[in-house]
Amino acid sequence: MPPQDLLAPRPEGLYCPPGDFFIDPVRGVDRALITHGHADHARAGHAHVMATRETLDIMAIRYGADHAGQTQPAGYGEEIRIGDVTVRFHPAGHVLGSAQISVEANGLRIVASGDYKPRPDPTCADFEPVPCDVFITEATFGLPVFRHPEAAGEISKLLRSVGRNGDRAHLVGVYSLGKAQRVIRLIRDAGYDKPLFIHGALQKLCDYYQEQGIDLGDLRPATVAAGSRGDFAGAIVLGPPSAFGDKWARRFPDPLIVFASGWMQVRARARQRGVELPLVISDHADWDELLDTIGTVAPGEVWVTHGREEALVRWCELSGIPARPLHLVGYEDEGD
């Protein structure tokens with residue numbers, strides 16, 4: 001079977017003809033397999049959704065219990081037959097519940113990575129390399145300039161700044177799913193046991209992570225009442241980046257703006273956002289990790305999607321690995 005007969009790009013997303021399903025479709029379809037809960041991959045309005053239990057729970061939190069006509073949980077490694085193909089979900093290491101999806105038929109295996117991160121993360125299952133004939137890899141940071149430092153070192157920068165600026169509130173921009181909980185856990189692992197204050201937009205997902213056994217410590221609402229600005233001097237406050245441009249952020253005492261993202265390696269982006277302390281903490285593979293993963297998986301062919309496609313395709317070709325860009329649209333970098 002030619003690989004394109006098993007999975008092929010369509011305007012809705014990656015489509016599997018023999019199984020009659022889409023992977024991470026960008027519009028409503030009859031049957032969708034979802035890699036993880038970020039909004040650019042997990043959308044409401046499908047007739048039937050298959051995903052890990054955690055991803056289904058996250059979709060229900062974000063979109064409501066009726067986000068799909070029917071839902072079906074898939075356990076990691078579980079063999080599931082759909083039409084003429086076998087599918088399995090494997091840990092992707094991106095956020096809680098994130099998965100790569102392997103699709104097999106007639107001796108051919110294609111693995112769609114979704115978004116993934118090979119380095120360990122205490123808030124989700126570790127990435128699992130899956131040998132395959134075709135590997136569909138993301139390329140969010142698919143340029144040699146992107147080499148992410150160790151996250152613990154970035155958190156040390158934050159805590160040193162907190163120690164030096166005890167009169168200021170540190171406002172840390174984090175996306176609500178995955179990045180917020182990972183940064184909180186990293187702060188705890190660094191020995192910081194004081195209360196952390198969170199924007200209301202983070203509350204439900206942080207509560208869910210806690211319910212799943214991921215200890216985030218003492219979290220309190222980042223609510224500033226009249227006359228209480230000084231209560232947040234020296235505090236760490238976490239919220240979505242979108243909140244930092246409105247009056248919520250200005251309520252805190254002399255706020256020091258922090259942002260945790262792989263994009264903070266691009267200093268121009270930090271300046272544009274008014275970030276005083278950029279933390280390069282990414283939930284995606286960097287350039288070296290993309291190359292290492294391809295080497296470990298050892299596919300016969302690589303398809304590259306959403307990100308810096310051309311550079312990674314070129315590297316594969318120079319390495320003797322057939323590769324092509326998929327040019328899928330509708331996938332952003334919400335998780336980073």
# chains A, B, ... in the order shown; residues from 1 in each chain; ligands from 1
>>> closest_atom_pairs(of="segment 129-148 of chain A", to="segment 104-123 of chain A", cutoff="9 Å", atoms="only C-alpha atoms", output="Markdown table")
| residue | atom | partner | partner_atom | distance |
| --- | --- | --- | --- | --- |
| A:Pro129 | CA | A:Pro118 | CA | 8.6 |
| A:Val130 | CA | A:Val111 | CA | 7.4 |
| A:Pro131 | CA | A:Val111 | CA | 8.3 |
| A:Cys132 | CA | A:Arg109 | CA | 5.3 |
| A:Asp133 | CA | A:Arg109 | CA | 5.4 |
| A:Val134 | CA | A:Ile110 | CA | 4.7 |
| A:Phe135 | CA | A:Val111 | CA | 5.1 |
| A:Ile136 | CA | A:Ala112 | CA | 4.7 |
| A:Thr137 | CA | A:Ser113 | CA | 5.4 |
| A:Glu138 | CA | A:Asp115 | CA | 6.1 |
| A:Ala139 | CA | A:Asp115 | CA | 8.7 |
| A:Thr140 | CA | A:Asp115 | CA | 8.5 |
>>> closest_atom_pairs(of="segment 44-125 of chain A", to="segment 166-177 of chain A", cutoff="9 Å", atoms="only C-alpha atoms", output="tab-separated table")
residue	atom	partner	partner_atom	distance
A:Ile58	CA	A:Leu177	CA	8.7
A:Val95	CA	A:Leu177	CA	7.4
A:Leu96	CA	A:Leu177	CA	8.5
>>> atom_distance(atom1="atom CA of Ala190 of chain A", atom2="atom CA of Pro149 of chain A")
16.0 Å
>>> select_by_dssp(residues="segment 106-163 of chain A", states="strand (DSSP E)", output="list in words")
Leu108, Arg109, Ile110, Val111, Ala112, Val134, Phe135, Ile136, Thr137, Glu138 and Ala139 of chain A
>>> closest_atom_pairs(of="segment 214-256 of chain A", to="segment 181-188 of chain A", cutoff="10 Å", atoms="only C-alpha atoms", output="JSON lines")
{"residue": "A:Ile214", "atom": "CA", "partner": "A:Arg185", "partner_atom": "CA", "distance": 8.2}
{"residue": "A:Asp215", "atom": "CA", "partner": "A:Arg185", "partner_atom": "CA", "distance": 7.4}
{"residue": "A:Leu216", "atom": "CA", "partner": "A:Arg185", "partner_atom": "CA", "distance": 5.7}
{"residue": "A:Gly217", "atom": "CA", "partner": "A:Arg188", "partner_atom": "CA", "distance": 7.3}
{"residue": "A:Asp218", "atom": "CA", "partner": "A:Arg188", "partner_atom": "CA", "distance": 9.9}
{"residue": "A:Leu219", "atom": "CA", "partner": "A:Ile184", "partner_atom": "CA", "distance": 9.3}
{"residue": "A:Ile236", "atom": "CA", "partner": "A:Ile187", "partner_atom": "CA", "distance": 9.9}
{"residue": "A:Leu238", "atom": "CA", "partner": "A:Ile184", "partner_atom": "CA", "distance": 8.6}
>>> write_last_selection(atoms="N, CA, C and O atoms", output="PDB file, in the first residue's frame")
ATOM      1  N   ILE A 214      -1.178  15.058  40.079  1.00  0.00           N
ATOM      2  CA  ILE A 214      -0.026  15.923  39.825  1.00  0.00           C
ATOM      3  C   ILE A 214      -0.078  17.064  40.836  1.00  0.00           C
ATOM      4  O   ILE A 214      -0.905  17.974  40.722  1.00  0.00           O
ATOM      5  N   ASP A 215       0.773  17.009  41.830  1.00  0.00           N
ATOM      6  CA  ASP A 215       0.731  17.940  42.961  1.00  0.00           C
ATOM      7  C   ASP A 215       1.297  19.296  42.546  1.00  0.00           C
ATOM      8  O   ASP A 215       2.479  19.413  42.216  1.00  0.00           O
ATOM      9  N   LEU A 216       0.462  20.317  42.589  1.00  0.00           N
ATOM     10  CA  LEU A 216       0.882  21.669  42.230  1.00  0.00           C
ATOM     11  C   LEU A 216       1.044  22.570  43.456  1.00  0.00           C
ATOM     12  O   LEU A 216       1.372  23.752  43.308  1.00  0.00           O
ATOM     13  N   GLY A 217       0.822  22.006  44.637  1.00  0.00           N
ATOM     14  CA  GLY A 217       1.019  22.778  45.860  1.00  0.00           C
ATOM     15  C   GLY A 217      -0.112  23.762  46.114  1.00  0.00           C
ATOM     16  O   GLY A 217      -1.225  23.632  45.597  1.00  0.00           O
ATOM     17  N   ASP A 218       0.185  24.777  46.919  1.00  0.00           N
ATOM     18  CA  ASP A 218      -0.798  25.764  47.370  1.00  0.00           C
ATOM     19  C   ASP A 218      -1.022  26.797  46.268  1.00  0.00           C
ATOM     20  O   ASP A 218      -0.169  27.649  46.015  1.00  0.00           O
ATOM     21  N   LEU A 219      -2.193  26.722  45.610  1.00  0.00           N
ATOM     22  CA  LEU A 219      -2.556  27.673  44.572  1.00  0.00           C
ATOM     23  C   LEU A 219      -3.710  28.537  45.074  1.00  0.00           C
ATOM     24  O   LEU A 219      -4.686  28.012  45.613  1.00  0.00           O
ATOM     25  N   ILE A 236       4.618  35.376  43.160  1.00  0.00           N
ATOM     26  CA  ILE A 236       4.614  34.858  41.790  1.00  0.00           C
ATOM     27  C   ILE A 236       3.161  34.657  41.387  1.00  0.00           C
ATOM     28  O   ILE A 236       2.410  33.934  42.047  1.00  0.00           O
ATOM     29  N   LEU A 238       0.640  33.699  38.129  1.00  0.00           N
ATOM     30  CA  LEU A 238       0.618  33.092  36.801  1.00  0.00           C
ATOM     31  C   LEU A 238      -0.712  33.350  36.121  1.00  0.00           C
ATOM     32  O   LEU A 238      -1.774  33.255  36.752  1.00  0.00           O
TER      33      LEU A 238
END
>>> residues_around(residues="Glu78 of chain A", least_positions_apart="5", cutoff="12 Å", atoms="only C-alpha atoms", output="PDB file with all heavy atoms, in the first residue's frame")
ATOM      1  N   ALA A  51      -9.885   9.656  21.728  1.00  0.00           N
ATOM      2  CA  ALA A  51      -8.692  10.281  22.292  1.00  0.00           C
ATOM      3  C   ALA A  51      -8.400   9.602  23.615  1.00  0.00           C
ATOM      4  O   ALA A  51      -9.173   8.762  24.088  1.00  0.00           O
ATOM      5  CB  ALA A  51      -8.910  11.782  22.494  1.00  0.00           C
ATOM      6  N   THR A  52      -7.278   9.938  24.229  1.00  0.00           N
ATOM      7  CA  THR A  52      -7.020   9.416  25.563  1.00  0.00           C
ATOM      8  C   THR A  52      -8.081   9.955  26.522  1.00  0.00           C
ATOM      9  O   THR A  52      -8.713  10.990  26.263  1.00  0.00           O
ATOM     10  CB  THR A  52      -5.629   9.818  26.069  1.00  0.00           C
ATOM     11  OG1 THR A  52      -5.570  11.246  26.216  1.00  0.00           O
ATOM     12  CG2 THR A  52      -4.526   9.355  25.112  1.00  0.00           C
ATOM     13  N   PRO A  73     -12.712   6.595  24.727  1.00  0.00           N
ATOM     14  CA  PRO A  73     -11.351   6.707  25.257  1.00  0.00           C
ATOM     15  C   PRO A  73     -10.435   5.631  24.701  1.00  0.00           C
ATOM     16  O   PRO A  73     -10.865   4.502  24.425  1.00  0.00           O
ATOM     17  CB  PRO A  73     -11.550   6.537  26.765  1.00  0.00           C
ATOM     18  CG  PRO A  73     -12.794   5.725  26.896  1.00  0.00           C
ATOM     19  CD  PRO A  73     -13.667   6.095  25.734  1.00  0.00           C
ATOM     20  N   THR A  86      -5.581  -0.627  11.983  1.00  0.00           N
ATOM     21  CA  THR A  86      -5.363  -0.724  13.428  1.00  0.00           C
ATOM     22  C   THR A  86      -4.707   0.563  13.893  1.00  0.00           C
ATOM     23  O   THR A  86      -3.733   1.026  13.287  1.00  0.00           O
ATOM     24  CB  THR A  86      -4.445  -1.914  13.758  1.00  0.00           C
ATOM     25  OG1 THR A  86      -5.069  -3.123  13.327  1.00  0.00           O
ATOM     26  CG2 THR A  86      -4.178  -1.999  15.250  1.00  0.00           C
ATOM     27  N   VAL A  87      -5.237   1.145  14.961  1.00  0.00           N
ATOM     28  CA  VAL A  87      -4.657   2.370  15.504  1.00  0.00           C
ATOM     29  C   VAL A  87      -4.218   2.132  16.953  1.00  0.00           C
ATOM     30  O   VAL A  87      -4.794   1.302  17.659  1.00  0.00           O
ATOM     31  CB  VAL A  87      -5.636   3.566  15.437  1.00  0.00           C
ATOM     32  CG1 VAL A  87      -6.052   3.840  14.003  1.00  0.00           C
ATOM     33  CG2 VAL A  87      -6.843   3.330  16.315  1.00  0.00           C
ATOM     34  N   ARG A  88      -3.183   2.846  17.345  1.00  0.00           N
ATOM     35  CA  ARG A  88      -2.710   2.835  18.732  1.00  0.00           C
ATOM     36  C   ARG A  88      -2.315   4.254  19.119  1.00  0.00           C
ATOM     37  O   ARG A  88      -1.805   5.003  18.292  1.00  0.00           O
ATOM     38  CB  ARG A  88      -1.508   1.907  18.919  1.00  0.00           C
ATOM     39  CG  ARG A  88      -1.778   0.428  18.727  1.00  0.00           C
ATOM     40  CD  ARG A  88      -0.505  -0.385  18.957  1.00  0.00           C
ATOM     41  NE  ARG A  88      -0.707  -1.815  18.777  1.00  0.00           N
ATOM     42  CZ  ARG A  88      -0.642  -2.442  17.603  1.00  0.00           C
ATOM     43  NH1 ARG A  88      -0.392  -1.743  16.503  1.00  0.00           N
ATOM     44  NH2 ARG A  88      -0.835  -3.738  17.521  1.00  0.00           N
ATOM     45  N   PHE A  89      -2.527   4.595  20.380  1.00  0.00           N
ATOM     46  CA  PHE A  89      -2.114   5.877  20.919  1.00  0.00           C
ATOM     47  C   PHE A  89      -0.861   5.660  21.776  1.00  0.00           C
ATOM     48  O   PHE A  89      -0.832   4.748  22.605  1.00  0.00           O
ATOM     49  CB  PHE A  89      -3.225   6.492  21.767  1.00  0.00           C
ATOM     50  CG  PHE A  89      -4.385   7.038  20.963  1.00  0.00           C
ATOM     51  CD1 PHE A  89      -5.188   6.205  20.188  1.00  0.00           C
ATOM     52  CD2 PHE A  89      -4.676   8.390  20.985  1.00  0.00           C
ATOM     53  CE1 PHE A  89      -6.247   6.700  19.455  1.00  0.00           C
ATOM     54  CE2 PHE A  89      -5.737   8.914  20.248  1.00  0.00           C
ATOM     55  CZ  PHE A  89      -6.522   8.062  19.480  1.00  0.00           C
ATOM     56  N   HIS A  90       0.150   6.495  21.564  1.00  0.00           N
ATOM     57  CA  HIS A  90       1.421   6.388  22.284  1.00  0.00           C
ATOM     58  C   HIS A  90       1.763   7.739  22.905  1.00  0.00           C
ATOM     59  O   HIS A  90       1.492   8.788  22.303  1.00  0.00           O
ATOM     60  CB  HIS A  90       2.552   5.968  21.334  1.00  0.00           C
ATOM     61  CG  HIS A  90       2.301   4.694  20.604  1.00  0.00           C
ATOM     62  ND1 HIS A  90       2.672   3.458  21.094  1.00  0.00           N
ATOM     63  CD2 HIS A  90       1.711   4.454  19.390  1.00  0.00           C
ATOM     64  CE1 HIS A  90       2.332   2.517  20.228  1.00  0.00           C
ATOM     65  NE2 HIS A  90       1.752   3.089  19.192  1.00  0.00           N
ATOM     66  N   PRO A  91       2.382   7.761  24.097  1.00  0.00           N
ATOM     67  CA  PRO A  91       2.678   9.039  24.759  1.00  0.00           C
ATOM     68  C   PRO A  91       3.521   9.964  23.885  1.00  0.00           C
ATOM     69  O   PRO A  91       4.474   9.538  23.234  1.00  0.00           O
ATOM     70  CB  PRO A  91       3.448   8.613  26.012  1.00  0.00           C
ATOM     71  CG  PRO A  91       3.018   7.208  26.276  1.00  0.00           C
ATOM     72  CD  PRO A  91       2.790   6.604  24.925  1.00  0.00           C
ATOM     73  N   ILE A 101      -0.305   9.071  17.276  1.00  0.00           N
ATOM     74  CA  ILE A 101      -1.261   8.078  16.805  1.00  0.00           C
ATOM     75  C   ILE A 101      -0.619   7.269  15.688  1.00  0.00           C
ATOM     76  O   ILE A 101      -0.211   7.827  14.661  1.00  0.00           O
ATOM     77  CB  ILE A 101      -2.559   8.740  16.305  1.00  0.00           C
ATOM     78  CG1 ILE A 101      -3.217   9.525  17.448  1.00  0.00           C
ATOM     79  CG2 ILE A 101      -3.510   7.688  15.751  1.00  0.00           C
ATOM     80  CD1 ILE A 101      -4.447  10.308  17.022  1.00  0.00           C
ATOM     81  N   SER A 102      -0.500   5.958  15.913  1.00  0.00           N
ATOM     82  CA  SER A 102       0.020   5.085  14.868  1.00  0.00           C
ATOM     83  C   SER A 102      -1.154   4.449  14.128  1.00  0.00           C
ATOM     84  O   SER A 102      -2.149   4.044  14.729  1.00  0.00           O
ATOM     85  CB  SER A 102       0.936   4.003  15.449  1.00  0.00           C
ATOM     86  OG  SER A 102       0.203   3.026  16.148  1.00  0.00           O
TER      87      SER A 102
END
>>> residues_around(residues="Arg53 of chain A", least_positions_apart="4", cutoff="12 Å", atoms="only C-alpha atoms", output="list in words")
Ile34, Thr35, His36, Gly37, Val49, Asp57, Ile58, Met59, Ala60, Thr71, Gln72, Pro73, Ala74, Gly75, Tyr76, Phe89, Leu96, Gly97, Ser98, Ala99 and Gln212 of chain A
>>> write_last_selection(atoms="all heavy atoms", output="short mmCIF file (atom, residue, chain, number, x, y, z; two decimals), in the first residue's frame")
data_model
loop_
_atom_site.label_atom_id
_atom_site.label_comp_id
_atom_site.auth_asym_id
_atom_site.auth_seq_id
_atom_site.Cartn_x
_atom_site.Cartn_y
_atom_site.Cartn_z
N ILE A 34 -8.01 12.48 18.10
CA ILE A 34 -7.41 13.72 18.59
C ILE A 34 -6.14 13.40 19.37
O ILE A 34 -6.15 12.57 20.28
CB ILE A 34 -8.39 14.50 19.48
CG1 ILE A 34 -9.70 14.75 18.75
CG2 ILE A 34 -7.77 15.80 19.97
CD1 ILE A 34 -9.60 15.60 17.52
N THR A 35 -5.05 14.11 19.02
CA THR A 35 -3.77 13.85 19.69
C THR A 35 -3.66 14.47 21.07
O THR A 35 -3.04 13.89 21.96
CB THR A 35 -2.59 14.35 18.83
OG1 THR A 35 -2.71 15.77 18.64
CG2 THR A 35 -2.55 13.66 17.48
N HIS A 36 -4.24 15.67 21.25
CA HIS A 36 -4.15 16.33 22.57
C HIS A 36 -5.13 17.47 22.63
O HIS A 36 -5.79 17.81 21.63
CB HIS A 36 -2.73 16.82 22.85
CG HIS A 36 -2.24 17.90 21.95
ND1 HIS A 36 -1.83 17.67 20.66
CD2 HIS A 36 -2.10 19.24 22.14
CE1 HIS A 36 -1.44 18.80 20.10
NE2 HIS A 36 -1.60 19.77 20.98
N GLY A 37 -5.25 18.08 23.80
CA GLY A 37 -6.34 19.00 24.07
C GLY A 37 -6.16 20.44 23.68
O GLY A 37 -7.05 21.26 23.95
N VAL A 49 -15.53 11.22 18.62
CA VAL A 49 -14.14 11.57 18.95
C VAL A 49 -13.50 10.43 19.72
O VAL A 49 -14.07 9.91 20.69
CB VAL A 49 -14.07 12.85 19.80
CG1 VAL A 49 -12.67 13.06 20.37
CG2 VAL A 49 -14.46 14.06 18.98
N ASP A 57 -11.35 14.39 28.80
CA ASP A 57 -11.71 15.19 29.99
C ASP A 57 -11.38 16.67 29.76
O ASP A 57 -12.17 17.56 30.10
CB ASP A 57 -10.96 14.69 31.22
CG ASP A 57 -11.44 13.34 31.72
OD1 ASP A 57 -12.54 12.91 31.31
OD2 ASP A 57 -10.71 12.72 32.53
N ILE A 58 -10.21 16.93 29.19
CA ILE A 58 -9.80 18.31 28.94
C ILE A 58 -10.72 18.97 27.93
O ILE A 58 -11.10 20.15 28.08
CB ILE A 58 -8.33 18.34 28.48
CG1 ILE A 58 -7.40 18.01 29.67
CG2 ILE A 58 -7.96 19.69 27.87
CD1 ILE A 58 -5.98 17.67 29.28
N MET A 59 -11.12 18.25 26.89
CA MET A 59 -12.05 18.81 25.93
C MET A 59 -13.39 19.13 26.58
O MET A 59 -14.01 20.16 26.29
CB MET A 59 -12.24 17.84 24.75
CG MET A 59 -11.01 17.69 23.88
SD MET A 59 -11.22 16.52 22.49
CE MET A 59 -12.33 17.47 21.42
N ALA A 60 -13.83 18.28 27.49
CA ALA A 60 -15.08 18.54 28.21
C ALA A 60 -14.96 19.78 29.09
O ALA A 60 -15.90 20.58 29.19
CB ALA A 60 -15.48 17.32 29.03
N THR A 71 -18.05 9.95 22.35
CA THR A 71 -16.62 9.92 22.65
C THR A 71 -16.20 8.50 22.99
O THR A 71 -16.99 7.71 23.50
CB THR A 71 -16.26 10.84 23.84
OG1 THR A 71 -16.98 10.42 25.01
CG2 THR A 71 -16.58 12.29 23.53
N GLN A 72 -14.94 8.19 22.69
CA GLN A 72 -14.39 6.86 22.95
C GLN A 72 -12.97 7.01 23.48
O GLN A 72 -12.10 7.49 22.76
CB GLN A 72 -14.40 6.02 21.67
CG GLN A 72 -13.83 4.62 21.85
CD GLN A 72 -13.86 3.81 20.55
OE1 GLN A 72 -14.44 4.24 19.56
NE2 GLN A 72 -13.23 2.65 20.55
N PRO A 73 -12.71 6.60 24.73
CA PRO A 73 -11.35 6.71 25.26
C PRO A 73 -10.43 5.63 24.70
O PRO A 73 -10.87 4.50 24.42
CB PRO A 73 -11.55 6.54 26.76
CG PRO A 73 -12.79 5.72 26.90
CD PRO A 73 -13.67 6.09 25.73
N ALA A 74 -9.18 5.99 24.51
CA ALA A 74 -8.16 5.06 24.03
C ALA A 74 -7.00 5.07 25.03
O ALA A 74 -6.45 6.14 25.32
CB ALA A 74 -7.67 5.45 22.65
N GLY A 75 -6.63 3.91 25.53
CA GLY A 75 -5.49 3.82 26.43
C GLY A 75 -4.19 3.75 25.66
O GLY A 75 -4.15 3.27 24.51
N TYR A 76 -3.11 4.22 26.28
CA TYR A 76 -1.81 4.12 25.62
C TYR A 76 -1.48 2.67 25.29
O TYR A 76 -1.60 1.78 26.15
CB TYR A 76 -0.71 4.69 26.53
CG TYR A 76 -0.72 6.20 26.66
CD1 TYR A 76 -0.53 6.79 27.90
CD2 TYR A 76 -0.86 7.02 25.55
CE1 TYR A 76 -0.51 8.17 28.04
CE2 TYR A 76 -0.85 8.40 25.68
CZ TYR A 76 -0.67 8.98 26.92
OH TYR A 76 -0.64 10.35 27.05
N PHE A 89 -2.53 4.60 20.38
CA PHE A 89 -2.11 5.88 20.92
C PHE A 89 -0.86 5.66 21.78
O PHE A 89 -0.83 4.75 22.60
CB PHE A 89 -3.22 6.49 21.77
CG PHE A 89 -4.38 7.04 20.96
CD1 PHE A 89 -5.19 6.21 20.19
CD2 PHE A 89 -4.68 8.39 20.99
CE1 PHE A 89 -6.25 6.70 19.45
CE2 PHE A 89 -5.74 8.91 20.25
CZ PHE A 89 -6.52 8.06 19.48
N LEU A 96 -0.53 16.76 29.43
CA LEU A 96 -1.25 15.63 30.01
C LEU A 96 -2.21 15.03 28.97
O LEU A 96 -3.01 15.74 28.35
CB LEU A 96 -2.05 16.10 31.23
CG LEU A 96 -2.80 15.03 32.01
CD1 LEU A 96 -1.85 13.99 32.59
CD2 LEU A 96 -3.65 15.67 33.12
N GLY A 97 -2.10 13.72 28.77
CA GLY A 97 -2.98 13.02 27.83
C GLY A 97 -2.55 13.08 26.38
O GLY A 97 -3.19 12.46 25.53
N SER A 98 -1.49 13.79 26.07
CA SER A 98 -1.09 13.94 24.67
C SER A 98 -0.59 12.61 24.11
O SER A 98 -0.01 11.79 24.81
CB SER A 98 -0.01 15.01 24.51
OG SER A 98 1.16 14.67 25.22
N ALA A 99 -0.84 12.41 22.81
CA ALA A 99 -0.53 11.13 22.19
C ALA A 99 -0.07 11.30 20.75
O ALA A 99 -0.50 12.22 20.04
CB ALA A 99 -1.75 10.21 22.21
N GLN A 212 -5.66 14.42 38.96
CA GLN A 212 -4.95 13.31 38.30
C GLN A 212 -3.66 12.95 39.03
O GLN A 212 -2.85 12.17 38.53
CB GLN A 212 -4.66 13.66 36.85
CG GLN A 212 -5.89 13.95 36.02
CD GLN A 212 -6.93 12.84 36.11
OE1 GLN A 212 -6.64 11.68 35.82
NE2 GLN A 212 -8.14 13.19 36.54
#
>>> atom_distance(atom1="atom CA of His67 of chain A", atom2="atom CA of His46 of chain A")
7.5 Å
>>> atom_distance(atom1="atom CA of Leu205 of chain A", atom2="atom CA of Ala65 of chain A")
14.8 Å
>>> residues_around(residues="Gly142 of chain A", least_positions_apart="2", cutoff="12 Å", atoms="only C-alpha atoms", output="VMD selection string")
chain A and resid 137 to 140 144 to 148 262 284 to 291 304 to 316
>>> select_by_dssp(residues="segment 137-266 of chain A", states="alpha helix (DSSP H)", output="VMD selection string")
chain A and resid 151 to 164 179 to 189 200 to 211 247 to 250
>>> closest_residue(among="A:Gly234, A:Pro278, A:Ala92, A:Asp126", to="Ile155 of chain A", atoms="only C-alpha atoms")
A:Pro278
>>> residues_around(residues="Ala32 of chain A", least_positions_apart="3", cutoff="9 Å", atoms="only C-alpha atoms", output="VMD selection string")
chain A and resid 21 to 25 28 to 29 46 to 51
>>> write_last_selection(atoms="N, CA, C and O atoms", output="compact mmCIF listing (two decimals), in the first residue's frame")
# COMPACT_ATOMS: atom_id res chain seq x y z
N PHE A 21 -11.53 8.12 8.90
CA PHE A 21 -11.42 9.04 10.03
C PHE A 21 -10.35 10.09 9.74
O PHE A 21 -9.53 9.94 8.83
N PHE A 22 -10.41 11.16 10.50
CA PHE A 22 -9.42 12.23 10.41
C PHE A 22 -8.61 12.29 11.71
O PHE A 22 -9.12 11.94 12.79
N ILE A 23 -7.37 12.74 11.61
CA ILE A 23 -6.55 13.01 12.79
C ILE A 23 -6.46 14.51 12.97
O ILE A 23 -6.05 15.24 12.05
N ASP A 24 -6.87 15.01 14.13
CA ASP A 24 -6.85 16.44 14.48
C ASP A 24 -7.47 17.32 13.40
O ASP A 24 -6.87 18.30 12.94
N PRO A 25 -8.69 17.01 12.96
CA PRO A 25 -9.29 17.84 11.91
C PRO A 25 -9.59 19.25 12.41
O PRO A 25 -9.88 19.47 13.59
N GLY A 28 -15.50 20.32 11.85
CA GLY A 28 -16.29 19.18 12.29
C GLY A 28 -16.34 18.07 11.25
O GLY A 28 -16.59 18.33 10.07
N VAL A 29 -16.12 16.81 11.70
CA VAL A 29 -16.17 15.65 10.81
C VAL A 29 -16.94 14.53 11.52
O VAL A 29 -17.28 14.63 12.70
N HIS A 46 -17.44 17.47 16.44
CA HIS A 46 -17.32 16.21 15.70
C HIS A 46 -18.43 15.25 16.13
O HIS A 46 -18.89 15.27 17.28
N ALA A 47 -18.84 14.37 15.21
CA ALA A 47 -19.86 13.39 15.56
C ALA A 47 -19.31 12.33 16.51
O ALA A 47 -20.01 11.86 17.41
N HIS A 48 -18.05 11.92 16.29
CA HIS A 48 -17.43 10.89 17.14
C HIS A 48 -15.98 11.26 17.35
O HIS A 48 -15.27 11.58 16.39
N VAL A 49 -15.53 11.22 18.62
CA VAL A 49 -14.14 11.57 18.95
C VAL A 49 -13.50 10.43 19.72
O VAL A 49 -14.07 9.91 20.69
N MET A 50 -12.31 10.03 19.27
CA MET A 50 -11.49 9.08 20.01
C MET A 50 -10.22 9.81 20.45
O MET A 50 -9.57 10.50 19.66
N ALA A 51 -9.89 9.66 21.73
CA ALA A 51 -8.69 10.28 22.29
C ALA A 51 -8.40 9.60 23.62
O ALA A 51 -9.17 8.76 24.09
>>> closest_residue(among="A:Glu276, A:Asp193, A:Glu211, A:Asp5", to="Leu256 of chain A", atoms="only C-alpha atoms")
A:Glu276
>>> closest_residue(among="A:Leu326, A:Val85, A:Ile281, A:Ala8", to="Trp303 of chain A", atoms="only C-alpha atoms")
A:Leu326
>>> closest_residue(among="A:Asp207, A:Glu301, A:Asp246, A:Asp292", to="Ile61 of chain A", atoms="only C-alpha atoms")
A:Asp207
